[in-house]
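Shown here: data_25.txt, compact mmCIF, C-alpha atoms and all ligand atoms.
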```txt
# COMPACT_ATOMS: atom_id res chain seq x y z
CA MET A 13 0.00 0.00 0.00
CA ARG A 14 1.54 3.27 -1.15
CA ILE A 15 -1.02 5.99 -0.77
CA VAL A 16 -1.43 9.68 -0.11
CA LEU A 17 -4.24 11.01 2.05
CA LEU A 18 -5.30 14.37 0.74
CA GLY A 19 -7.76 16.66 2.46
CA ALA A 20 -8.25 19.84 4.43
CA PRO A 21 -7.09 20.15 8.03
CA GLY A 22 -9.64 18.33 10.15
CA SER A 23 -10.77 16.00 7.38
CA GLY A 24 -9.65 12.98 9.40
CA LYS A 25 -6.46 12.08 7.54
CA GLY A 26 -4.47 11.46 10.73
CA THR A 27 -7.12 9.34 12.42
CA GLN A 28 -7.69 7.16 9.38
CA ALA A 29 -3.97 6.90 8.60
CA GLN A 30 -3.46 5.42 12.07
CA ARG A 31 -6.17 2.87 11.38
CA LEU A 32 -4.63 1.91 8.05
CA GLN A 33 -1.27 1.55 9.79
CA ALA A 34 -2.76 -0.72 12.45
CA LYS A 35 -4.59 -2.93 9.97
CA TYR A 36 -2.11 -3.15 7.09
CA GLY A 37 1.21 -2.71 8.93
CA VAL A 38 2.35 0.17 6.72
CA PRO A 39 3.66 3.25 8.52
CA GLN A 40 1.70 6.48 8.73
CA VAL A 41 4.08 9.16 7.48
CA SER A 42 2.66 12.44 8.72
CA SER A 43 4.58 15.59 7.82
CA GLY A 44 2.75 17.39 10.64
CA ASP A 45 3.87 14.78 13.21
CA LEU A 46 7.45 14.85 11.92
CA LEU A 47 7.47 18.63 12.24
CA ARG A 48 5.87 18.62 15.71
CA ASP A 49 8.46 16.10 16.82
CA ALA A 50 11.27 18.33 15.52
CA VAL A 51 9.72 21.30 17.34
CA ALA A 52 9.43 19.33 20.59
CA ARG A 53 13.05 18.18 20.36
CA GLN A 54 14.08 21.75 19.53
CA THR A 55 16.22 20.69 16.60
CA ASP A 56 17.44 23.35 14.13
CA LEU A 57 14.70 22.36 11.69
CA GLY A 58 12.10 22.40 14.44
CA LEU A 59 13.06 25.89 15.55
CA LYS A 60 12.86 27.11 11.96
CA ALA A 61 9.47 25.46 11.40
CA LYS A 62 7.73 26.59 14.59
CA ALA A 63 6.78 30.14 13.62
CA ALA A 64 5.15 29.04 10.35
CA MET A 65 3.26 26.25 12.10
CA ASP A 66 1.95 28.50 14.87
CA ALA A 67 0.72 30.95 12.24
CA GLY A 68 -1.07 28.27 10.21
CA GLN A 69 1.30 28.75 7.27
CA LEU A 70 3.15 26.05 5.38
CA VAL A 71 6.66 25.27 6.51
CA SER A 72 9.26 25.73 3.76
CA ASP A 73 9.53 22.91 1.23
CA ASP A 74 13.21 22.17 1.88
CA ILE A 75 12.55 21.45 5.57
CA VAL A 76 9.54 19.24 4.88
CA LEU A 77 11.17 17.41 1.97
CA GLY A 78 14.23 16.64 4.08
CA LEU A 79 12.09 15.09 6.80
CA ILE A 80 9.98 13.07 4.35
CA ARG A 81 13.00 11.79 2.40
CA GLU A 82 14.63 10.64 5.63
CA ARG A 83 11.42 8.92 6.79
CA LEU A 84 10.71 7.12 3.52
CA ALA A 85 14.27 5.78 3.49
CA LYS A 86 13.64 3.85 6.73
CA PRO A 87 13.24 0.06 6.38
CA ASP A 88 9.60 -0.05 7.52
CA ALA A 89 8.56 2.16 4.59
CA LYS A 90 9.80 -0.44 2.08
CA ALA A 91 6.55 -2.36 2.49
CA GLY A 92 4.51 0.76 1.79
CA PHE A 93 3.34 3.94 3.47
CA VAL A 94 0.36 6.15 4.12
CA LEU A 95 1.39 9.75 3.52
CA ASP A 96 -0.67 12.07 5.68
CA GLY A 97 -0.51 15.83 5.11
CA PHE A 98 2.15 15.53 2.43
CA PRO A 99 2.34 16.71 -0.32
CA ARG A 100 0.68 20.06 0.32
CA ASN A 101 1.60 22.00 -2.81
CA ALA A 102 2.61 21.39 -6.43
CA ASP A 103 6.37 21.54 -5.78
CA GLN A 104 6.07 18.96 -3.01
CA ALA A 105 4.01 16.71 -5.30
CA ASN A 106 6.69 16.89 -8.00
CA ALA A 107 9.45 16.26 -5.47
CA LEU A 108 7.54 13.26 -4.10
CA ASN A 109 7.16 11.88 -7.60
CA ALA A 110 10.92 12.13 -8.20
CA MET A 111 11.63 10.55 -4.80
CA LEU A 112 9.35 7.60 -5.49
CA ILE A 113 10.84 7.06 -8.94
CA GLU A 114 14.26 6.84 -7.27
CA LEU A 115 12.87 4.29 -4.82
CA GLY A 116 11.08 2.39 -7.62
CA ALA A 117 7.86 2.66 -5.62
CA PRO A 118 5.21 4.69 -7.47
CA LEU A 119 2.02 5.87 -5.79
CA GLU A 120 -0.97 3.56 -6.02
CA ALA A 121 -3.67 6.01 -5.06
CA VAL A 122 -4.47 9.40 -3.63
CA LEU A 123 -7.51 9.33 -1.38
CA LEU A 124 -9.25 12.67 -1.03
CA MET A 125 -11.15 13.03 2.25
CA ASP A 126 -14.19 15.05 1.33
CA VAL A 127 -15.63 16.95 4.32
CA ARG A 128 -17.80 20.09 4.54
CA THR A 129 -16.15 23.26 5.84
CA GLU A 130 -18.52 23.60 8.82
CA THR A 131 -17.62 20.08 9.93
CA LEU A 132 -13.90 20.82 9.52
CA ILE A 133 -14.17 23.88 11.78
CA LYS A 134 -16.14 21.98 14.42
CA ARG A 135 -13.62 19.16 14.44
CA LEU A 136 -10.55 21.40 14.61
CA ALA A 137 -11.88 23.82 17.23
CA GLY A 138 -12.98 20.95 19.48
CA ARG A 139 -9.89 18.79 19.08
CA ARG A 140 -8.01 18.00 22.27
CA ILE A 141 -5.09 15.62 22.67
CA CYS A 142 -3.71 13.57 25.52
CA LYS A 143 -0.06 14.46 26.14
CA THR A 144 0.64 11.03 27.60
CA CYS A 145 -0.80 8.62 25.04
CA GLY A 146 -1.47 10.98 22.10
CA ARG A 147 -5.10 9.94 21.73
CA VAL A 148 -7.29 12.53 20.05
CA PHE A 149 -10.64 13.60 21.56
CA ASN A 150 -13.24 16.12 20.54
CA ILE A 151 -14.88 18.28 23.18
CA SER A 152 -17.56 19.45 20.75
CA PHE A 153 -19.18 16.09 21.39
CA ALA A 154 -18.51 15.93 25.18
CA ALA A 155 -21.08 16.77 27.85
CA PRO A 156 -21.09 20.53 28.54
CA GLY A 157 -19.25 21.68 31.68
CA THR A 158 -17.02 18.61 31.98
CA THR A 159 -13.23 18.96 32.14
CA PRO A 160 -11.80 17.07 29.22
CA ARG A 161 -9.58 14.24 30.46
CA CYS A 162 -8.07 11.19 28.82
CA ASP A 163 -10.05 8.06 29.55
CA ASN A 164 -7.41 5.92 27.92
CA CYS A 165 -4.69 6.57 30.53
CA ALA A 166 -4.97 5.21 34.10
CA ASP A 167 -4.39 8.60 35.76
CA HIS A 168 -6.77 10.43 33.38
CA PRO A 169 -4.49 13.33 32.49
CA GLU A 170 -5.92 16.59 31.19
CA LEU A 171 -6.07 17.14 27.48
CA PHE A 172 -4.37 19.96 25.60
CA GLN A 173 -5.24 22.00 22.52
CA ARG A 174 -2.77 22.31 19.66
CA PRO A 175 -1.74 25.97 19.27
CA ASP A 176 -2.76 25.87 15.60
CA ASP A 177 -6.26 24.65 16.53
CA LYS A 178 -7.14 28.13 17.88
CA GLU A 179 -9.91 29.74 15.86
CA ASP A 180 -7.91 32.44 14.05
CA VAL A 181 -5.21 29.95 13.05
CA ILE A 182 -7.85 27.48 11.82
CA ALA A 183 -9.14 30.12 9.39
CA LYS A 184 -5.61 30.68 8.09
CA ARG A 185 -4.98 26.95 7.65
CA LEU A 186 -8.17 26.52 5.65
CA GLU A 187 -7.20 29.48 3.50
CA VAL A 188 -3.74 28.03 2.88
CA TYR A 189 -5.30 24.66 2.02
CA ALA A 190 -7.60 26.24 -0.58
CA ALA A 191 -4.80 28.22 -2.18
CA GLN A 192 -1.94 25.73 -2.16
CA THR A 193 -3.17 22.19 -1.57
CA GLN A 194 -6.51 22.08 -3.35
CA PRO A 195 -4.89 22.36 -6.81
CA LEU A 196 -3.39 18.91 -6.15
CA ILE A 197 -6.88 17.45 -6.57
CA GLU A 198 -6.78 18.24 -10.27
CA HIS A 199 -3.12 17.24 -10.51
CA TYR A 200 -3.75 13.73 -9.18
CA SER A 201 -7.06 13.44 -10.97
CA LYS A 202 -5.26 14.00 -14.29
CA LEU A 203 -2.78 11.28 -13.34
CA GLY A 204 -5.70 8.91 -12.74
CA LEU A 205 -4.73 8.40 -9.09
CA LEU A 206 -7.45 10.34 -7.29
CA ARG A 207 -10.26 8.59 -5.37
CA VAL A 208 -12.80 10.71 -3.52
CA VAL A 209 -13.87 9.35 -0.15
CA GLN A 210 -16.86 10.80 1.67
CA GLY A 211 -15.17 11.73 4.94
CA GLU A 212 -18.22 12.36 7.18
CA GLY A 213 -20.04 9.82 9.31
CA GLU A 214 -18.91 7.10 11.68
CA LEU A 215 -15.17 6.40 11.75
CA ASP A 216 -15.74 2.77 10.77
CA GLU A 217 -17.88 3.75 7.81
CA VAL A 218 -15.29 6.22 6.54
CA PHE A 219 -12.58 3.62 7.03
CA ALA A 220 -14.54 1.06 5.02
CA ARG A 221 -14.93 3.59 2.18
CA MET A 222 -11.21 4.25 2.25
CA GLU A 223 -10.37 0.58 2.07
CA ALA A 224 -12.74 0.14 -0.86
CA ALA A 225 -11.16 3.11 -2.64
CA ALA A 226 -7.64 1.81 -2.02
CA ARG A 227 -8.68 -1.68 -3.18
CA SER A 228 -10.16 -0.30 -6.40
CA SER A 229 -6.71 1.14 -7.21
CA ALA A 230 -4.86 -2.05 -6.28
CA ALA A 231 -7.17 -4.02 -8.58
CA ARG A 232 -5.36 -2.59 -11.61
CA PRO A 233 -1.77 -3.81 -11.24
CA LYS A 234 -1.29 -4.63 -14.97
CA ARG A 235 -1.89 -1.08 -16.11
CA LYS A 236 0.49 0.21 -13.46
CA LYS A 237 3.29 -2.16 -14.48
CA ALA A 238 2.92 -1.31 -18.16
CA ALA A 239 2.88 2.38 -17.38
CA LYS A 240 6.00 2.29 -15.18
CA PRO A 241 8.76 2.99 -17.74
CA ALA A 242 6.61 5.62 -19.44
CA ALA A 243 5.88 7.23 -16.10
CA ARG A 244 9.62 7.43 -15.41
CA LYS A 245 10.22 9.13 -18.76
CA ALA A 246 7.29 11.45 -18.21
CA ALA A 247 8.63 12.46 -14.82
CA LYS A 248 11.86 13.68 -16.42
CA ARG A 249 9.94 15.79 -18.92
CA LYS A 250 8.16 18.98 -18.11
CA PRO A 251 4.43 18.17 -18.01
CA GLN A 252 3.40 20.83 -20.54
CA ALA A 253 6.10 19.90 -23.00
CA SER A 254 5.10 16.25 -22.87
CA ALA A 255 1.46 17.10 -23.45
CA LYS A 256 2.39 19.04 -26.61
CA LYS A 257 4.66 16.26 -27.84
CA LYS A 258 1.91 13.72 -27.39
CA ALA A 259 -0.47 15.79 -29.47
CA ALA A 260 1.80 15.93 -32.56
CA PRO A 261 4.41 13.43 -33.81
CA LYS A 262 8.03 14.63 -34.25
CA ALA A 263 7.99 14.98 -38.06
CA ALA A 264 4.70 16.84 -38.01
CA ARG A 265 6.03 19.20 -35.39
CA LYS A 266 9.17 19.95 -37.47
CA SER A 267 7.28 20.66 -40.67
CA ALA A 268 4.74 22.71 -38.82
CA ARG A 269 7.45 24.86 -37.28
CA LYS A 270 9.54 25.64 -40.42
CA PRO A 271 7.06 27.51 -42.62
CA VAL A 272 6.04 29.60 -39.66
CA LYS A 273 9.67 30.58 -39.04
CA LYS A 274 10.40 31.34 -42.73
CA ALA A 275 7.24 33.33 -43.15
CA ALA A 276 7.96 35.24 -40.00
CA LYS A 277 11.51 36.07 -41.15
CA LYS A 278 10.30 37.22 -44.57
CA ALA A 279 7.58 39.33 -43.08
CA ALA A 280 10.02 40.85 -40.66
CA LYS A 281 12.82 41.54 -43.22
CA LYS A 282 10.91 43.05 -46.12
CA PRO A 283 9.46 46.10 -44.51
CA ALA A 284 12.68 46.58 -42.56
CA ARG A 285 14.70 46.91 -45.81
CA LYS A 286 12.19 49.32 -47.29
CA ILE A 287 12.22 51.48 -44.19
CA ALA A 288 16.05 51.50 -44.14
CA LYS A 289 16.17 52.66 -47.77
CA LYS A 290 13.67 55.44 -47.12
CA LYS A 291 15.65 56.57 -44.06
CA ALA A 292 18.92 56.62 -46.06
CA VAL A 293 17.33 58.79 -48.71
CA ALA A 294 15.93 61.12 -46.11
CA ARG A 295 19.35 61.46 -44.47
CA ARG A 296 20.96 62.91 -47.69
CA PRO A 297 21.35 66.69 -47.67
CA ALA A 298 18.42 68.50 -49.22
CA ALA A 299 20.55 69.87 -52.10
CA LYS A 300 21.78 66.40 -53.06
CA ARG A 301 18.25 65.03 -52.92
CA ALA A 302 17.04 67.77 -55.14
CA ALA A 303 19.95 67.22 -57.53
CA ALA A 304 19.26 63.53 -57.67
CA ARG A 305 15.64 64.22 -58.55
CA LYS A 306 16.51 66.86 -61.23
CA SER A 307 19.54 65.22 -62.89
CA PRO A 308 18.44 63.76 -66.19
CA PRO A 309 19.15 60.09 -66.81
CA ARG A 310 20.66 61.05 -70.19
CA LYS A 311 24.28 61.25 -68.89
CA LYS A 312 24.16 57.70 -67.60
CA THR A 313 22.73 56.45 -70.86
CA ALA A 314 25.52 58.20 -72.70
CA ALA A 315 28.18 56.66 -70.46
CA ARG A 316 26.69 53.26 -70.95
CA LYS A 317 26.67 53.72 -74.72
CA LYS A 318 30.41 54.62 -74.69
CA LYS A 319 31.19 51.36 -72.85
P1 LIG A 401 -1.02 18.93 10.14
O1 LIG A 401 -0.77 18.20 11.41
O2 LIG A 401 -0.84 18.08 8.92
O3 LIG A 401 -2.30 19.69 10.15
O4 LIG A 401 0.13 20.03 10.03
C1 LIG A 401 0.31 21.02 11.02
C2 LIG A 401 1.17 22.13 10.48
O5 LIG A 401 2.45 21.63 10.09
C3 LIG A 401 0.63 22.78 9.21
O6 LIG A 401 -0.32 23.79 9.48
C4 LIG A 401 1.90 23.34 8.61
O7 LIG A 401 2.34 24.50 9.28
C5 LIG A 401 2.91 22.25 8.90
N1 LIG A 401 2.94 21.24 7.84
C6 LIG A 401 2.51 19.95 7.90
N2 LIG A 401 2.73 19.32 6.76
C7 LIG A 401 3.28 20.22 5.93
C8 LIG A 401 3.73 20.16 4.58
N3 LIG A 401 3.62 19.05 3.84
N4 LIG A 401 4.28 21.28 4.04
C9 LIG A 401 4.42 22.40 4.76
N5 LIG A 401 3.99 22.53 6.02
C10 LIG A 401 3.44 21.43 6.61
```
Let me see whether you can do it: turn the structure in this file into structure tokens.
Amino acid sequence: MRIVLLGAPGSGKGTQAQRLQAKYGVPQVSSGDLLRDAVARQTDLGLKAKAAMDAGQLVSDDIVLGLIRERLAKPDAKAGFVLDGFPRNADQANALNAMLIELGAPLEAVLLMDVRTETLIKRLAGRRICKTCGRVFNISFAAPGTTPRCDNCADHPELFQRPDDKEDVIAKRLEVYAAQTQPLIEHYSKLGLLRVVQGEGELDEVFARMEAAARSSAARPKRKKAAKPAARKAAKRKPQASAKKKAAPKAARKSARKPVKKAAKKAAKKPARKIAKKKAVARRPAAKRAAARKSPPRKKTAARKKK
């Protein structure tokens, strides 16, 4: 299983990625978790990433790509992976493609978690996490007036709210998603990898939909194998250039280019010569011009006759 979970913040990518990991034994590779871990350990990368994360902005590509490359190189990712929260923009998607070509492990599917904005906001604003076991709760669904505590740990520790789950940061994250991540829907749709999963409802129901979507991609191994070498070539080409090349064979492209060039040169040269001649004439002193106009052609004719 080599899949990407795509979706807005709060669409349930993390929760479902954990379930896929538990059932299929493939690691959840969450760029958000990798970054939070770097922040907690106060590494150089973590310190650089923190400000962007707290503001709901994307962390720079070089930081995120470094973390993902390192994670995918670990032995447990050889059997597959569930990418959660990565890629988040076009450059990351292209970098991922190149990385997976190097590893000889192309993507099988991109599952888009489709959730309404009002649900996203409710989920994010109510999300609370246990610091001890990491379990995620939602106080929007808890009884009013109760102090949120973890019922998974023996000592029931209090839950905490992620700094980027505060209301103003949520709005920014959704804005960033719409501007930078949403275009990946079309990108992966064009590649034939996108599967839309209805992300609302019971967790088990959503999980079953995801499994069905992932299975529908795995049910086409022949096409994937045949497409592999072509996909490698395509990855080295610029997407637009390859689309043009596909549309017209090489010979046709050559012959179509030449006449256009010749015609363009002709069209550009002719008037230029005429203009130059006119300018040269205009530059002669007025007396000479007048003389040239008045002088009779007879002299020339006479000279020619002598020859
Ligand atoms: P998440 O846990 O996926 O919601 O990510 C939390 C925060 O980490 C995001 O709001 C970003 O600031 C940062 N982040 C996570 N993944 C990425 C990524 N692929 N590219 C850039 N920033 C990311």
Practice task
For CA of Phe93 (chain A) and CA of Arg81 (chain A), quote the distance in Å rounded to one decimal.
Solution key: 12.5 Å
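Near ligand LIG 401 (chain A), at a distance of at most 7 Å and with all atoms listed in the file counted, sit the residues Pro21, Ser42, Ser43, Gly44, Asp45, Leu47, Ala64, Met65, Asp66, Gly68, Gln69, Leu70, Val71, Ser72, Asp73, Val76, Asp96, Gly97, Phe98, Pro99, Arg100, Asp176 and Arg185 of chain A.
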Practice task
May I ask for the distance between CA of Glu217 (chain A) and CA of Pro160 (chain A), given in Å to one decimal place?
Solution key: 25.9 Å
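Atom pair CA of Tyr200 (chain A) / CA of Val38 (chain A) has a distance of 21.8 Å (rounded to one decimal).
Nearest to Ile133 (chain A) of all the residues A:Leu186, A:Leu206, A:Ala191, A:Leu196 is A:Leu186, counting only C-alpha atoms.
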Once you count all atoms listed in the file, which residues end up no further than 12 Å from (-19.9, 16.1, 9.9) in the file's frame, shown as a PDB file with C-alpha atoms, in the coordinates of the input?
```
ATOM      1  CA  GLY A  22      -9.640  18.330  10.150  1.00  0.00           C
ATOM      2  CA  SER A  23     -10.770  16.000   7.380  1.00  0.00           C
ATOM      3  CA  GLY A  24      -9.650  12.980   9.400  1.00  0.00           C
ATOM      4  CA  ASP A 126     -14.190  15.050   1.330  1.00  0.00           C
ATOM      5  CA  VAL A 127     -15.630  16.950   4.320  1.00  0.00           C
ATOM      6  CA  ARG A 128     -17.800  20.090   4.540  1.00  0.00           C
ATOM      7  CA  THR A 129     -16.150  23.260   5.840  1.00  0.00           C
ATOM      8  CA  GLU A 130     -18.520  23.600   8.820  1.00  0.00           C
ATOM      9  CA  THR A 131     -17.620  20.080   9.930  1.00  0.00           C
ATOM     10  CA  LEU A 132     -13.900  20.820   9.520  1.00  0.00           C
ATOM     11  CA  ILE A 133     -14.170  23.880  11.780  1.00  0.00           C
ATOM     12  CA  LYS A 134     -16.140  21.980  14.420  1.00  0.00           C
ATOM     13  CA  ARG A 135     -13.620  19.160  14.440  1.00  0.00           C
ATOM     14  CA  LEU A 136     -10.550  21.400  14.610  1.00  0.00           C
ATOM     15  CA  SER A 152     -17.560  19.450  20.750  1.00  0.00           C
ATOM     16  CA  PHE A 153     -19.180  16.090  21.390  1.00  0.00           C
ATOM     17  CA  GLN A 210     -16.860  10.800   1.670  1.00  0.00           C
ATOM     18  CA  GLY A 211     -15.170  11.730   4.940  1.00  0.00           C
ATOM     19  CA  GLU A 212     -18.220  12.360   7.180  1.00  0.00           C
ATOM     20  CA  GLY A 213     -20.040   9.820   9.310  1.00  0.00           C
ATOM     21  CA  GLU A 214     -18.910   7.100  11.680  1.00  0.00           C
ATOM     22  CA  LEU A 215     -15.170   6.400  11.750  1.00  0.00           C
ATOM     23  CA  VAL A 218     -15.290   6.220   6.540  1.00  0.00           C
TER      24      VAL A 218
END
```
Practice task
Name the residues in contact with Ala89 (chain A) at a cut-off of 12 Å, using only C-alpha atoms, excluding same-chain residues fewer than 2 positions from it; report them as a ChimeraX atom specification.
Solution key: /A:13-15,33,37-41,80-87,91-95,112,115,117
Handout entry: Given all atoms listed in the file as the counted atoms, nearest of A:Leu79, A:Ala34, A:Val16, A:Leu108 to Leu46 (chain A)
Key =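 Of the candidates, the smallest distance to Leu46 (chain A) is held by A:Leu79.
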